[in-house]
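What follows is the content of protein-v3.tsv (TSV, C-alpha atoms and all ligand atoms).
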```
chain	number	residue	atom	x	y	z
A	19	MET	CA	-104.37	-11.11	19.47
A	20	ALA	CA	-108.09	-10.41	19.32
A	21	ILE	CA	-107.66	-6.65	19.29
A	22	ALA	CA	-105.30	-6.78	16.35
A	23	LYS	CA	-107.81	-8.84	14.41
A	24	ALA	CA	-110.44	-6.24	15.11
A	25	ILE	CA	-108.09	-3.52	13.95
A	26	ILE	CA	-106.94	-4.98	10.68
A	27	GLY	CA	-109.81	-7.34	10.12
A	28	GLY	CA	-108.11	-10.68	10.68
A	29	LYS	CA	-105.96	-12.67	8.30
A	30	ASP	CA	-107.35	-11.15	5.13
A	31	SER	CA	-105.41	-7.94	5.19
A	32	SER	CA	-106.53	-6.83	1.74
A	33	ARG	CA	-110.15	-6.91	2.89
A	34	ALA	CA	-109.25	-4.84	5.93
A	35	THR	CA	-107.50	-2.17	3.92
A	36	ALA	CA	-110.35	-2.05	1.44
A	37	LYS	CA	-112.46	-0.69	4.32
A	38	GLY	CA	-110.05	2.20	4.65
A	39	LYS	CA	-108.05	0.94	7.63
A	40	PRO	CA	-104.36	1.81	7.73
A	41	ARG	CA	-102.07	-0.99	6.62
A	42	HIS	CA	-100.73	-1.91	10.04
A	43	PHE	CA	-97.98	-4.53	10.39
A	44	LEU	CA	-98.57	-5.80	13.91
A	45	ASP	CA	-98.01	-9.52	13.83
A	46	ILE	CA	-97.12	-12.31	11.39
A	47	LYS	CA	-100.27	-14.17	12.39
A	48	ASP	CA	-102.50	-11.28	11.23
A	49	PHE	CA	-101.58	-11.99	7.62
A	50	ASP	CA	-102.29	-14.74	5.18
A	51	THR	CA	-99.36	-16.50	3.55
A	52	ALA	CA	-99.82	-14.74	0.20
A	53	SER	CA	-99.54	-11.26	1.76
A	54	LEU	CA	-96.39	-12.25	3.66
A	55	ARG	CA	-94.99	-13.82	0.51
A	56	ARG	CA	-95.52	-10.56	-1.38
A	57	MET	CA	-93.71	-8.59	1.33
A	58	LEU	CA	-90.78	-11.03	1.28
A	59	ASP	CA	-90.60	-10.90	-2.50
A	60	TRP	CA	-90.59	-7.10	-2.49
A	61	GLY	CA	-87.79	-7.24	0.07
A	62	LYS	CA	-85.83	-9.62	-2.15
A	63	SER	CA	-86.42	-7.36	-5.13
A	64	TYR	CA	-85.11	-4.32	-3.23
A	65	LYS	CA	-82.10	-6.36	-2.11
A	66	ALA	CA	-81.38	-7.32	-5.71
A	67	GLY	CA	-81.29	-3.62	-6.60
A	68	GLY	CA	-84.75	-3.30	-8.03
A	69	ALA	CA	-87.53	-1.15	-6.61
A	70	PRO	CA	-91.04	-2.34	-7.40
A	71	ALA	CA	-92.53	1.17	-7.36
A	72	GLY	CA	-89.78	3.34	-8.79
A	73	ALA	CA	-86.36	4.29	-7.52
A	74	LYS	CA	-87.60	6.29	-4.50
A	75	PRO	CA	-91.11	5.00	-3.79
A	76	LEU	CA	-91.30	6.68	-0.38
A	77	ALA	CA	-90.18	10.16	-1.47
A	78	GLY	CA	-92.03	12.74	0.62
A	79	LYS	CA	-93.02	10.19	3.29
A	80	THR	CA	-91.87	10.21	6.90
A	81	ILE	CA	-91.92	7.48	9.54
A	82	ALA	CA	-91.72	8.04	13.29
A	83	LEU	CA	-89.64	5.41	15.09
A	84	ILE	CA	-90.59	5.24	18.78
A	85	PHE	CA	-88.47	3.26	21.21
A	86	GLU	CA	-89.62	2.43	24.73
A	87	LYS	CA	-86.71	-0.05	24.87
A	88	PRO	CA	-83.15	0.09	23.49
A	89	SER	CA	-82.27	-0.92	19.93
A	90	THR	CA	-79.36	-1.00	17.53
A	91	ARG	CA	-80.55	-3.07	14.54
A	92	THR	CA	-84.20	-2.07	14.46
A	93	ARG	CA	-83.41	1.60	14.75
A	94	VAL	CA	-80.63	1.72	12.17
A	95	SER	CA	-82.16	-0.73	9.69
A	96	PHE	CA	-85.47	1.15	9.62
A	97	GLU	CA	-83.73	4.47	9.19
A	98	VAL	CA	-81.50	3.16	6.41
A	99	ALA	CA	-84.39	1.38	4.66
A	100	MET	CA	-86.62	4.45	4.80
A	101	ARG	CA	-83.88	6.79	3.52
A	102	GLN	CA	-82.85	4.42	0.72
A	103	MET	CA	-86.50	4.35	-0.38
A	104	GLY	CA	-86.50	8.15	-0.53
A	105	GLY	CA	-88.29	8.79	2.76
A	106	ASP	CA	-87.42	10.46	6.04
A	107	VAL	CA	-87.44	9.43	9.71
A	108	VAL	CA	-88.06	10.99	13.09
A	109	ILE	CA	-86.73	9.01	16.05
A	110	LEU	CA	-88.25	9.35	19.51
A	111	GLY	CA	-87.11	7.78	22.74
A	112	GLN	CA	-89.70	7.65	25.46
A	113	ALA	CA	-87.76	9.95	27.74
A	114	GLU	CA	-87.49	12.73	25.19
A	115	SER	CA	-91.18	12.80	24.27
A	116	GLN	CA	-94.25	13.62	26.34
A	117	LEU	CA	-94.95	9.89	26.51
A	118	GLY	CA	-92.32	9.86	29.25
A	119	ARG	CA	-94.42	12.40	31.19
A	120	GLY	CA	-97.67	10.51	30.88
A	121	GLU	CA	-99.27	11.72	27.63
A	122	THR	CA	-101.46	8.89	26.44
A	123	ILE	CA	-100.57	6.60	23.57
A	124	ALA	CA	-103.95	7.42	22.04
A	125	ASP	CA	-103.27	11.16	21.96
A	126	THR	CA	-99.74	10.55	20.71
A	127	ALA	CA	-101.14	8.37	17.92
A	128	ARG	CA	-103.65	11.04	16.89
A	129	VAL	CA	-101.05	13.81	16.84
A	130	LEU	CA	-98.30	11.84	15.09
A	131	SER	CA	-100.81	10.78	12.43
A	132	ARG	CA	-101.05	14.49	11.48
A	133	TYR	CA	-97.27	14.71	11.03
A	134	VAL	CA	-95.99	11.41	9.67
A	135	ASP	CA	-97.05	8.67	7.25
A	136	ALA	CA	-96.24	5.67	9.47
A	137	ILE	CA	-95.28	4.88	13.05
A	138	MET	CA	-92.98	2.10	14.21
A	139	LEU	CA	-93.23	1.28	17.91
A	140	ARG	CA	-90.94	-0.85	20.08
A	141	THR	CA	-92.82	-1.11	23.31
A	142	VAL	CA	-92.78	-2.47	26.83
A	143	SER	CA	-96.43	-3.43	26.56
A	144	GLU	CA	-98.53	-5.19	23.96
A	145	LYS	CA	-101.36	-2.87	25.04
A	146	HIS	CA	-99.39	0.18	23.92
A	147	LEU	CA	-99.04	-1.26	20.42
A	148	MET	CA	-102.74	-2.06	20.23
A	149	GLU	CA	-103.67	1.40	21.47
A	150	MET	CA	-101.35	3.04	18.96
A	151	ALA	CA	-102.86	0.98	16.13
A	152	GLU	CA	-106.38	1.72	17.26
A	153	HIS	CA	-105.92	5.49	17.36
A	154	ALA	CA	-103.43	6.11	14.54
A	155	SER	CA	-104.80	6.91	11.12
A	156	VAL	CA	-101.46	5.89	9.54
A	157	PRO	CA	-99.86	2.41	9.43
A	158	VAL	CA	-98.33	1.19	12.69
A	159	ILE	CA	-95.45	-1.30	12.60
A	160	ASN	CA	-94.53	-3.57	15.51
A	161	GLY	CA	-90.84	-3.08	16.30
A	162	LEU	CA	-90.94	-5.66	19.16
A	163	THR	CA	-93.25	-6.37	22.05
A	164	ASP	CA	-93.05	-9.01	24.77
A	165	HIS	CA	-95.04	-11.30	22.49
A	166	GLY	CA	-93.52	-10.87	19.11
A	167	HIS	CA	-90.85	-9.47	16.83
A	168	PRO	CA	-92.44	-9.80	13.40
A	169	CYS	CA	-89.97	-7.55	11.55
A	170	GLN	CA	-87.15	-9.77	12.80
A	171	LEU	CA	-89.00	-12.84	11.57
A	172	MET	CA	-89.39	-11.45	8.07
A	173	ALA	CA	-85.60	-10.99	7.94
A	174	ASP	CA	-85.09	-14.47	9.37
A	175	LEU	CA	-87.39	-16.06	6.79
A	176	MET	CA	-85.58	-14.21	4.01
A	177	THR	CA	-82.24	-15.47	5.34
A	178	LEU	CA	-83.41	-19.06	5.72
A	179	GLU	CA	-84.82	-19.05	2.22
A	180	GLU	CA	-81.64	-17.55	0.75
A	181	ARG	CA	-79.46	-20.15	2.41
A	182	LYS	CA	-81.67	-23.23	2.29
A	183	GLY	CA	-84.30	-22.75	-0.43
A	184	PRO	CA	-88.09	-23.00	-0.07
A	185	LEU	CA	-89.36	-22.83	3.50
A	186	ALA	CA	-92.06	-25.48	3.27
A	187	GLY	CA	-90.89	-28.77	4.75
A	188	LYS	CA	-87.75	-27.37	6.37
A	189	ILE	CA	-86.96	-28.21	9.99
A	190	VAL	CA	-86.16	-25.27	12.27
A	191	ALA	CA	-85.12	-25.95	15.87
A	192	TRP	CA	-85.50	-23.18	18.44
A	193	LEU	CA	-83.45	-23.88	21.56
A	194	GLY	CA	-83.73	-21.91	24.79
A	195	ASP	CA	-86.20	-19.32	26.00
A	196	GLY	CA	-89.72	-19.44	24.56
A	197	ASN	CA	-89.71	-15.65	24.27
A	198	ASN	CA	-91.12	-12.98	21.94
A	199	VAL	CA	-88.96	-14.04	18.99
A	200	ALA	CA	-89.96	-17.69	19.54
A	201	GLU	CA	-93.61	-16.64	19.42
A	202	SER	CA	-93.05	-15.00	16.04
A	203	TRP	CA	-91.31	-18.18	14.83
A	204	ILE	CA	-94.46	-20.09	15.84
A	205	HIS	CA	-96.58	-17.74	13.74
A	206	ALA	CA	-94.20	-18.08	10.80
A	207	ALA	CA	-94.21	-21.89	10.98
A	208	ALA	CA	-97.98	-21.89	10.61
A	209	ARG	CA	-97.93	-19.52	7.67
A	210	PHE	CA	-95.01	-21.04	5.74
A	211	GLY	CA	-95.41	-24.75	6.41
A	212	PHE	CA	-92.10	-25.62	8.01
A	213	THR	CA	-91.58	-27.80	11.07
A	214	LEU	CA	-90.71	-25.88	14.22
A	215	ARG	CA	-89.16	-27.83	17.06
A	216	LEU	CA	-89.06	-25.90	20.31
A	217	ALA	CA	-86.75	-27.18	23.03
A	218	CYS	CA	-87.28	-25.09	26.17
A	219	PRO	CA	-87.12	-25.77	29.90
A	220	ALA	CA	-90.53	-26.17	31.49
A	221	SER	CA	-90.17	-22.76	33.16
A	222	CYS	CA	-89.45	-20.96	29.87
A	223	LYS	CA	-91.94	-22.42	27.43
A	224	PRO	CA	-93.81	-20.10	25.06
A	225	PRO	CA	-97.14	-18.93	26.47
A	226	GLU	CA	-100.01	-21.36	26.22
A	227	SER	CA	-101.91	-18.82	24.09
A	228	ALA	CA	-99.23	-19.10	21.37
A	229	LEU	CA	-99.23	-22.90	21.54
A	230	ALA	CA	-103.03	-23.03	21.38
A	231	TRP	CA	-102.98	-20.71	18.37
A	232	ALA	CA	-100.47	-23.01	16.66
A	233	ARG	CA	-102.68	-26.04	17.31
A	234	LYS	CA	-105.70	-24.20	15.91
A	235	GLU	CA	-103.72	-23.23	12.80
A	236	LYS	CA	-102.40	-26.80	12.48
A	237	ALA	CA	-98.79	-25.65	12.56
A	238	ASP	CA	-96.22	-28.45	12.61
A	239	LEU	CA	-94.95	-27.61	16.07
A	240	GLN	CA	-93.00	-30.01	18.28
A	241	LEU	CA	-92.43	-28.91	21.86
A	242	GLY	CA	-89.95	-30.73	24.09
A	243	GLU	CA	-87.18	-30.28	26.61
A	244	ASP	CA	-84.34	-32.15	24.88
A	245	ALA	CA	-82.02	-29.80	23.01
A	246	LEU	CA	-80.08	-32.50	21.16
A	247	ALA	CA	-83.25	-34.29	20.04
A	248	ALA	CA	-84.61	-31.02	18.67
A	249	ALA	CA	-81.37	-30.26	16.83
A	250	ARG	CA	-81.07	-33.69	15.23
A	251	GLY	CA	-81.39	-33.43	11.44
A	252	ALA	CA	-82.56	-29.81	11.54
A	253	ASP	CA	-81.94	-27.36	8.68
A	254	CYS	CA	-81.59	-24.42	11.00
A	255	LEU	CA	-80.79	-23.94	14.69
A	256	VAL	CA	-81.93	-20.69	16.20
A	257	THR	CA	-81.77	-19.14	19.64
A	258	ASP	CA	-81.92	-15.80	21.40
A	259	THR	CA	-80.77	-14.19	24.61
A	260	TRP	CA	-81.78	-15.90	27.85
A	261	LEU	CA	-82.42	-12.49	29.39
A	262	SER	CA	-84.76	-10.45	27.23
A	263	MET	CA	-85.25	-6.75	27.78
A	264	SER	CA	-88.44	-7.53	29.68
A	265	SER	CA	-88.71	-10.20	32.32
A	266	GLY	CA	-89.53	-12.92	29.79
A	267	ASN	CA	-92.15	-15.58	30.26
A	268	ALA	CA	-91.17	-16.70	33.73
A	269	PRO	CA	-91.32	-13.65	35.98
A	270	ASP	CA	-91.37	-15.93	39.04
A	271	LEU	CA	-87.84	-17.12	38.29
A	272	ASP	CA	-84.98	-14.98	39.41
A	273	ARG	CA	-82.12	-14.32	37.09
A	274	GLU	CA	-79.82	-17.08	38.35
A	275	ALA	CA	-82.56	-19.73	38.34
A	276	ARG	CA	-83.49	-18.72	34.80
A	277	LEU	CA	-79.89	-18.99	33.62
A	278	ALA	CA	-79.49	-22.38	35.33
A	279	ALA	CA	-82.67	-23.73	33.74
A	280	LEU	CA	-81.53	-22.58	30.31
A	281	ALA	CA	-77.92	-23.78	30.56
A	282	PRO	CA	-78.61	-27.18	28.87
A	283	TYR	CA	-79.96	-25.34	25.81
A	284	ARG	CA	-76.74	-23.56	24.85
A	285	ILE	CA	-75.91	-24.12	21.20
A	286	ASP	CA	-72.33	-25.33	21.07
A	287	GLU	CA	-70.42	-27.36	18.49
A	288	ARG	CA	-71.87	-30.64	19.79
A	289	VAL	CA	-75.43	-29.41	19.34
A	290	MET	CA	-74.63	-27.89	15.96
A	291	ALA	CA	-73.11	-31.21	14.83
A	292	ALA	CA	-76.43	-32.94	15.54
A	293	ALA	CA	-78.14	-30.82	12.85
A	294	LYS	CA	-77.76	-31.45	9.12
A	295	PRO	CA	-74.15	-30.97	7.95
A	296	ASP	CA	-75.22	-27.90	5.95
A	297	ALA	CA	-77.51	-26.51	8.65
A	298	ILE	CA	-77.31	-22.83	9.48
A	299	PHE	CA	-77.28	-21.03	12.82
A	300	MET	CA	-79.40	-17.93	13.35
A	301	HIS	CA	-79.78	-15.44	16.20
A	302	CYS	CA	-81.60	-12.11	16.07
A	303	LEU	CA	-78.78	-10.46	18.12
A	304	PRO	CA	-77.62	-9.07	20.44
A	305	ALA	CA	-75.89	-12.33	21.43
A	306	ASN	CA	-74.09	-13.41	24.55
A	307	ARG	CA	-71.27	-15.78	23.69
A	308	ASP	CA	-70.96	-16.95	27.31
A	309	ARG	CA	-74.54	-18.11	27.45
A	310	GLU	CA	-76.95	-19.14	24.68
A	311	VAL	CA	-74.37	-19.74	21.95
A	312	ALA	CA	-70.72	-20.73	21.84
A	313	ALA	CA	-68.34	-18.40	20.01
A	314	ALA	CA	-67.30	-21.35	17.82
A	315	VAL	CA	-70.87	-21.55	16.50
A	316	ILE	CA	-71.88	-17.90	16.11
A	317	ASP	CA	-68.46	-17.03	14.67
A	318	GLY	CA	-68.17	-20.30	12.75
A	319	PRO	CA	-68.85	-21.27	9.13
A	320	GLN	CA	-72.50	-22.27	9.65
A	321	SER	CA	-73.49	-18.97	11.21
A	322	ALA	CA	-75.84	-16.81	9.12
A	323	VAL	CA	-76.21	-14.06	11.71
A	324	TRP	CA	-74.58	-11.25	9.72
A	325	ASP	CA	-76.73	-11.92	6.65
A	326	GLU	CA	-79.68	-12.12	9.03
A	327	ALA	CA	-78.84	-8.71	10.48
A	328	GLU	CA	-78.35	-7.21	7.00
A	329	ASN	CA	-81.66	-8.64	5.88
A	330	ARG	CA	-83.46	-6.49	8.45
A	331	VAL	CA	-82.98	-3.62	5.98
A	332	HIS	CA	-84.24	-5.55	2.96
A	333	ALA	CA	-87.14	-7.31	4.66
A	334	GLN	CA	-88.31	-4.04	6.22
A	335	LYS	CA	-88.29	-2.43	2.78
A	336	GLY	CA	-90.80	-5.11	1.82
A	337	ILE	CA	-92.90	-4.26	4.90
A	338	LEU	CA	-92.64	-0.50	4.27
A	339	HIS	CA	-93.60	-1.12	0.66
A	340	TRP	CA	-96.72	-2.97	1.79
A	341	CYS	CA	-97.61	-0.28	4.33
A	342	LEU	CA	-96.85	2.82	2.27
A	343	ALA	CA	-95.99	2.25	-1.37
A	344	GLN	CA	-98.38	-0.38	-2.63
A	345	GLY	CA	-101.10	1.17	-4.75
B	1	LIG	N1	-82.61	-7.94	16.68
B	1	LIG	C1	-82.98	-6.73	17.12
B	1	LIG	O1	-84.15	-6.33	17.07
B	1	LIG	O2	-81.95	-5.95	17.55
B	1	LIG	P1	-82.06	-4.54	18.28
B	1	LIG	O3	-82.59	-4.76	19.66
B	1	LIG	O4	-80.65	-4.02	18.26
B	1	LIG	O5	-82.99	-3.67	17.48
B	2	LIG	N1	-85.83	-11.41	23.03
B	2	LIG	C1	-85.03	-10.22	22.92
B	2	LIG	C2	-84.93	-9.78	21.51
B	2	LIG	C3	-84.05	-8.59	21.28
B	2	LIG	C4	-84.02	-8.15	19.84
B	2	LIG	C5	-85.61	-9.13	23.80
B	2	LIG	O1	-86.83	-8.95	23.81
B	2	LIG	O2	-84.84	-8.46	24.50
```

Let me see the file written as structure tokens.
Amino acid sequence: MAIAKAIIGGKDSSRATAKGKPRHFLDIKDFDTASLRRMLDWGKSYKAGGAPAGAKPLAGKTIALIFEKPSTRTRVSFEVAMRQMGGDVVILGQAESQLGRGETIADTARVLSRYVDAIMLRTVSEKHLMEMAEHASVPVINGLTDHGHPCQLMADLMTLEERKGPLAGKIVAWLGDGNNVAESWIHAAARFGFTLRLACPASCKPPESALAWARKEKADLQLGEDALAAARGADCLVTDTWLSMSSGNAPDLDREARLAALAPYRIDERVMAAAKPDAIFMHCLPANRDREVAAAVIDGPQSAVWDEAENRVHAQKGILHWCLAQG
């Protein structure tokens, strides 16, 4: 994401902010491991009942949450996190703002920056996020694009660490569509030193740009098409919907062809049994029990999905702390 690097100055986020840039949270790969570690630790501290900068570190601060796509978890977890930290929220759907009538993202960014202290954007286009970050004078947080879901990943990393201990050396197997969440897993694998096995049909692999980035960063990434081989001995199996809100990475495939190609990647009890006996199952939700995961797995004893969903609140407190509360 060349534009993001220009905006926040690359991996060294502290250097970028020293130049007076807003503390954007656009992508896992924009940060070095130490910065991500600090955010996760702040999140853990908030979860444990502590607050690193006082009981209500965001008192007097407001965040705008803008949704160009639907959301349950992202919307509610950001609102709850912000309020519990003493702050306030304004929620905008595209249809109810002038964005829906063609006002530019740039002008929206300039205006909102005069009203609020941070902007979270869930967008249909990576370009919208970049434009918002370029023109906002307050921190912009990525609430999901077609190429990443970094807030989700911070919650996922927190959950994996809670359940399985230190991330380095763990084996995570992603089965199914090489989508936006998979791309964020790739970024996280590079930053936290775990093995990421991706088992995806040829038509639904992550974009070559993400794979090339992983090679450059020397991430321990294994890409194949065999779901059982990927699951074997893994600490964590993870998947996501086969039909993302956007068209996904294979716009040439129609819906039925996409579902047929992904069918062998469903995580059922047989696939789960190939992982370590104490392996966990994760899914960012919303889930479809008829497709990517069997009910026996997502509703079974190895499922961590409800902790994972809860951790959106705690992990986002760590992100909000980095963006708004850190001195
Ligand atoms: N996982 C996730 O981002 O869920 P929502 O689409 O409900 O926000
Ligand atoms: N890959 C999914 C994630 C939803 C939280 C989507 O983009 O629709």

Which residue out of A:Val331, A:Val199, A:Ile84, A:Ala293 has the minimum interatomic distance to ligand LIG 2 (chain B) when only C-alpha atoms and all ligand atoms are used?
A:Val199

Non-local contacts of Ile298 (chain A) (10 Å; all atoms listed in the file; under 6 positions in same chain excluded) as a list in words:
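In the requested format, the answer is Thr177, Leu178, Arg181, Lys182, Val190, Ala252, Asp253, Cys254, Leu255, Val256, Met290, Val315, Ile316, Pro319, Gln320, Ser321, Ala322 and Val323 of chain A.
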
Looking at only C-alpha atoms and all ligand atoms, which of A:Phe212, A:Tyr283, A:Trp231, A:Trp203 is the one that sits closest to ligand LIG 2 (chain B)?
A:Trp203

Counting all atoms listed in the file, what are the residues, protein, DNA or RNA alike, that approach ligand LIG 2 (chain B) to within 8 Å? I want them as an MDAnalysis selection string.
chainID A and resid 89 162:164 167 170 197:199 258:264 266 302:304

Can I get the selection written as a compact mmCIF listing (two decimals), in the coordinates of the input, with C-alpha atoms?
```
# COMPACT_ATOMS: atom_id res chain seq x y z
CA SER A 89 -82.27 -0.92 19.93
CA LEU A 162 -90.94 -5.66 19.16
CA THR A 163 -93.25 -6.37 22.05
CA ASP A 164 -93.05 -9.01 24.77
CA HIS A 167 -90.85 -9.47 16.83
CA GLN A 170 -87.15 -9.77 12.80
CA ASN A 197 -89.71 -15.65 24.27
CA ASN A 198 -91.12 -12.98 21.94
CA VAL A 199 -88.96 -14.04 18.99
CA ASP A 258 -81.92 -15.80 21.40
CA THR A 259 -80.77 -14.19 24.61
CA TRP A 260 -81.78 -15.90 27.85
CA LEU A 261 -82.42 -12.49 29.39
CA SER A 262 -84.76 -10.45 27.23
CA MET A 263 -85.25 -6.75 27.78
CA SER A 264 -88.44 -7.53 29.68
CA GLY A 266 -89.53 -12.92 29.79
CA CYS A 302 -81.60 -12.11 16.07
CA LEU A 303 -78.78 -10.46 18.12
CA PRO A 304 -77.62 -9.07 20.44
```

With all atoms listed in the file as the atoms that count, which of A:Asp244, A:Asp174, A:Asp50, A:Asp106 lies nearest to ligand LIG 1 (chain B)?
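For ligand LIG 1 (chain B), the nearest of the given residues is A:Asp174.
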
Length of the CA of Glu274 (chain A) to CA of Gly242 (chain A) vector [Å]:
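Interatomic distance, CA of Glu274 (chain A) to CA of Gly242 (chain A): 22.2 Å.
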
Smallest atom-to-atom distance to ligand LIG 1 (chain B): which of A:Arg132, A:Lys79, A:Arg55, A:Lys87, using only C-alpha atoms and all ligand atoms?
A:Lys87

Selection near Arg56 (chain A), 9 Å with all atoms listed in the file, sequence-local residues under 5 positions removed, as JSON, numbers by chain:
{"A": [51, 61, 336, 340]}

Using Å and a single decimal, report how far CA of Leu171 (chain A) sits from CA of Arg330 (chain A).
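For CA of Arg330 (chain A) relative to CA of Leu171 (chain A), the distance reads 9.0 Å.
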
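Ranking A:Asn329, A:Ser227, A:Thr80, A:Thr122 by their shortest atom-to-atom distance to ligand LIG 1 (chain B), with all atoms listed in the file included, puts A:Asn329 first.
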
List as a PyMOL selection string: which residues have an atom within 7 Å of (-83.6, -8.3, -0.7), counting all atoms listed in the file?
chain A and resi 61-66+329+332-333

Hey, what's within 6 Å of region 158-161 of chain A if we count all atoms listed in the file and toss same-chain stuff fewer than 2 positions away? As a list in words, please?
His42, Phe43, Leu44, Ala136, Ile137, Met138, Leu139, Arg140 and Ala151 of chain A

Might you pull out every residue within 10 Å of Leu76 (chain A), with all atoms listed in the file counted and same-chain residues fewer than 6 positions away left off, and present them as a list in words?
Met100, Arg101, Gln102, Met103, Gly104, Gly105, Asp106, Asp135, Leu338, His339, Leu342 and Ala343 of chain A

Gap from CA of Met172 (chain A) to CA of Ala313 (chain A) - Å, one decimal
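A separation of 25.2 Å between them.
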
Build an axis-aligned box that encloses every atom of ligand LIG 1 (chain B) listed in the file, pad it by 6 Å on each side, and report its centre and edge lengths in Å to one decimal, as AutoDock Vina command-line options.
```
--center_x -82.4 --center_y -5.8 --center_z 18.2 --size_x 15.5 --size_y 16.3 --size_z 15.0
```
